[in-house]
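Here the structure comes first, spelled out in structure tokens, and everything after it is commentary.
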Amino acid sequence: MQIYATRLEGEIPAPDWQELCGLLPAYRYEKICLLRYRQDQERSLIAGLLLRQAILDNLGTQPVHFEFNPYGKPALADRSDFHFNLSHAGDWIVCAIDQQPVGVDVEKMEAVDYASLAQVAFSPEEQNRLQDRSGADQMNYFYDVWTMKESYCKAVGLGLSLAPEKLTVKVDDQGHWLIAPQERPLWLLRQYQLESGYKLAVCARHEEFPADISLLHWRKLTGNLALPAHCRQWETHL
């Protein structure tokens, strides 16, 4: 498994927009065109470029042919050994790849009506744990569970057919997060730190999670477009 992340800083210059979109597969470009707000379009564009980079790094080929399951989850055609998932929130865009199904979710932590949201997405056990907390502890727990459940739902690729309130995120004796739906295999969960105010969770069916995230400047994802000198030194690892 590998996890890629990039932080979008500032608006994408208008002269680069169409050329960048030209690097993407048709389905991603069509999705971008359906988005109303420019910021959402930019996140979706960079997500597509991040996936493109992950495919080039690991398969050495352009991402040309995609297929979709009945719930709309995309996959590379004829590559059952390459799975991916994308997520973005706020300034961050992330991509997880694996040889098995994988899910990733990043959320920007904001004050919301935790109790109301938990009623439709949390199990009774999780709701009780949420109610036992307050302030920052309640916010942290809410986003811990929310991102982990979302990463699981995205990993299994069943869309809205899942009932998240019937799933419970738990901690095992070793302190590892996991989720074990009834009559389904065990899934493991891991969290990664991006920056204060964000939560990131990844879900897989094995324990081989990477220790670090590969952090790239988004300008390194732009193919042959000119890369400003100040961007060339930005790549690092968390």
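Note on naming: chains are A, B, ... as they come in the structure tokens, residues start from 1 per chain, ligands start from 1 in the order shown.
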
Next on the checklist: From a backbone DSSP assignment, name each residue in range 68-164 of chain A labelled alpha helix (DSSP H), as a PyMOL selection string.
Outcome noted: chain A and resi 114-121+124-131+135-156

Suppose we keep C-alpha atoms; can you now write the selection as an mmCIF file, in the first residue's frame?
data_model
loop_
_atom_site.group_PDB
_atom_site.id
_atom_site.type_symbol
_atom_site.label_atom_id
_atom_site.label_comp_id
_atom_site.auth_asym_id
_atom_site.auth_seq_id
_atom_site.Cartn_x
_atom_site.Cartn_y
_atom_site.Cartn_z
ATOM 1 C CA TYR A 114 -22.454 15.878 16.107
ATOM 2 C CA ALA A 115 -25.481 14.306 17.775
ATOM 3 C CA SER A 116 -27.732 14.669 14.731
ATOM 4 C CA LEU A 117 -25.115 13.302 12.335
ATOM 5 C CA ALA A 118 -24.314 10.438 14.689
ATOM 6 C CA GLN A 119 -27.978 9.395 14.721
ATOM 7 C CA VAL A 120 -27.814 8.498 11.040
ATOM 8 C CA ALA A 121 -24.214 7.242 10.791
ATOM 9 C CA PRO A 124 -25.804 2.947 19.360
ATOM 10 C CA GLU A 125 -22.479 2.035 21.004
ATOM 11 C CA GLU A 126 -20.683 4.823 19.136
ATOM 12 C CA GLN A 127 -23.430 7.317 19.941
ATOM 13 C CA ASN A 128 -23.058 6.547 23.638
ATOM 14 C CA ARG A 129 -19.316 7.051 23.467
ATOM 15 C CA LEU A 130 -19.837 10.350 21.694
ATOM 16 C CA GLN A 131 -22.305 11.581 24.312
ATOM 17 C CA GLY A 135 -15.595 19.877 23.688
ATOM 18 C CA ALA A 136 -12.463 19.002 21.706
ATOM 19 C CA ASP A 137 -12.608 15.380 22.867
ATOM 20 C CA GLN A 138 -16.072 15.007 21.354
ATOM 21 C CA MET A 139 -14.970 16.590 18.078
ATOM 22 C CA ASN A 140 -11.935 14.305 17.870
ATOM 23 C CA TYR A 141 -13.961 11.178 18.523
ATOM 24 C CA PHE A 142 -16.645 12.180 16.027
ATOM 25 C CA TYR A 143 -14.144 12.712 13.225
ATOM 26 C CA ASP A 144 -12.163 9.604 14.177
ATOM 27 C CA VAL A 145 -15.239 7.433 13.722
ATOM 28 C CA TRP A 146 -16.615 9.379 10.760
ATOM 29 C CA THR A 147 -13.423 9.120 8.674
ATOM 30 C CA MET A 148 -12.881 5.471 9.535
ATOM 31 C CA LYS A 149 -16.431 4.512 8.589
ATOM 32 C CA GLU A 150 -16.217 6.540 5.409
ATOM 33 C CA SER A 151 -12.928 4.862 4.477
ATOM 34 C CA TYR A 152 -14.534 1.454 5.030
ATOM 35 C CA CYS A 153 -17.599 2.317 2.938
ATOM 36 C CA LYS A 154 -15.334 3.490 0.129
ATOM 37 C CA ALA A 155 -13.131 0.404 0.365
ATOM 38 C CA VAL A 156 -16.004 -2.034 -0.077
#

Checklist entry - So which residues touch range 21-30 of chain A within 12 Å, counting only C-alpha atoms, skipping near sequence neighbours fewer than 2 positions away, as number ranges by chain? => result A: 12, 14-19, 32-35, 41-53, 62-68, 72-76, 86, 221-225

Atoms to include: C-alpha atoms. Write the selected residues as a JSON list (two decimals), in the first residue's frame.
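Written out: out28.json:
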[["chain", "number", "residue", "atom", "x", "y", "z"],
["A", 12, "ILE", "CA", -4.68, 27.11, -10.30],
["A", 14, "ALA", "CA", -6.27, 30.03, -15.65],
["A", 15, "PRO", "CA", -3.76, 29.51, -18.53],
["A", 16, "ASP", "CA", -2.87, 26.07, -17.10],
["A", 17, "TRP", "CA", -6.43, 24.89, -16.52],
["A", 18, "GLN", "CA", -7.27, 23.27, -19.86],
["A", 19, "GLU", "CA", -3.81, 21.77, -20.25],
["A", 32, "ILE", "CA", -15.15, 18.29, -12.89],
["A", 33, "CYS", "CA", -17.48, 19.98, -15.38],
["A", 34, "LEU", "CA", -20.49, 19.01, -13.27],
["A", 35, "LEU", "CA", -19.13, 20.74, -10.17],
["A", 41, "GLN", "CA", -13.34, 21.74, -9.42],
["A", 42, "GLU", "CA", -9.73, 22.37, -8.41],
["A", 43, "ARG", "CA", -9.79, 19.67, -5.75],
["A", 44, "SER", "CA", -11.23, 17.16, -8.22],
["A", 45, "LEU", "CA", -8.66, 18.13, -10.85],
["A", 46, "ILE", "CA", -5.73, 17.69, -8.46],
["A", 47, "ALA", "CA", -7.21, 14.39, -7.22],
["A", 48, "GLY", "CA", -7.15, 13.14, -10.80],
["A", 49, "LEU", "CA", -3.55, 14.28, -11.23],
["A", 50, "LEU", "CA", -2.55, 12.63, -7.96],
["A", 51, "LEU", "CA", -4.03, 9.32, -9.10],
["A", 52, "ARG", "CA", -2.29, 9.71, -12.46],
["A", 53, "GLN", "CA", 1.04, 10.11, -10.66],
["A", 62, "GLN", "CA", -0.79, 6.26, -18.50],
["A", 63, "PRO", "CA", -4.19, 5.70, -16.82],
["A", 64, "VAL", "CA", -6.27, 5.20, -19.96],
["A", 65, "HIS", "CA", -9.01, 2.63, -19.44],
["A", 66, "PHE", "CA", -11.33, 2.77, -16.43],
["A", 67, "GLU", "CA", -14.36, 0.72, -15.49],
["A", 68, "PHE", "CA", -17.01, 1.19, -12.80],
["A", 72, "GLY", "CA", -20.03, 3.91, -9.50],
["A", 73, "LYS", "CA", -16.65, 3.10, -7.92],
["A", 74, "PRO", "CA", -13.92, 3.45, -10.59],
["A", 75, "ALA", "CA", -11.13, 0.94, -11.21],
["A", 76, "LEU", "CA", -8.46, 0.32, -13.82],
["A", 86, "LEU", "CA", -9.36, 9.26, -3.55],
["A", 221, "LEU", "CA", 1.78, 16.29, -10.84],
["A", 222, "THR", "CA", 1.48, 18.43, -13.96],
["A", 223, "GLY", "CA", 3.33, 16.36, -16.54],
["A", 224, "ASN", "CA", 5.40, 18.49, -18.87],
["A", 225, "LEU", "CA", 4.11, 21.84, -17.64]]

Checklist entry - Closest to Gly103 in chain A among A:Ser123, A:Asn85, A:Ser196, A:Gln174, using only C-alpha atoms? => result A:Asn85

Next on the checklist: Could you go through range 8-229 of chain A and tell me which residues DSSP, when run on the backbone, assigns to strand (DSSP E), listing them as a PyMOL selection string?
Outcome noted: chain A and resi 66-68+74-76+83-89+92-98+103-108+169-171+177-179+187-192+198-204+214-217

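One distance worth recording is that between CA of His217 in chain A and CA of Gly10 in chain A, which is 12.2 Å.
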
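Interatomic distance, CA of Arg219 in chain A to CA of Leu59 in chain A: 20.9 Å.
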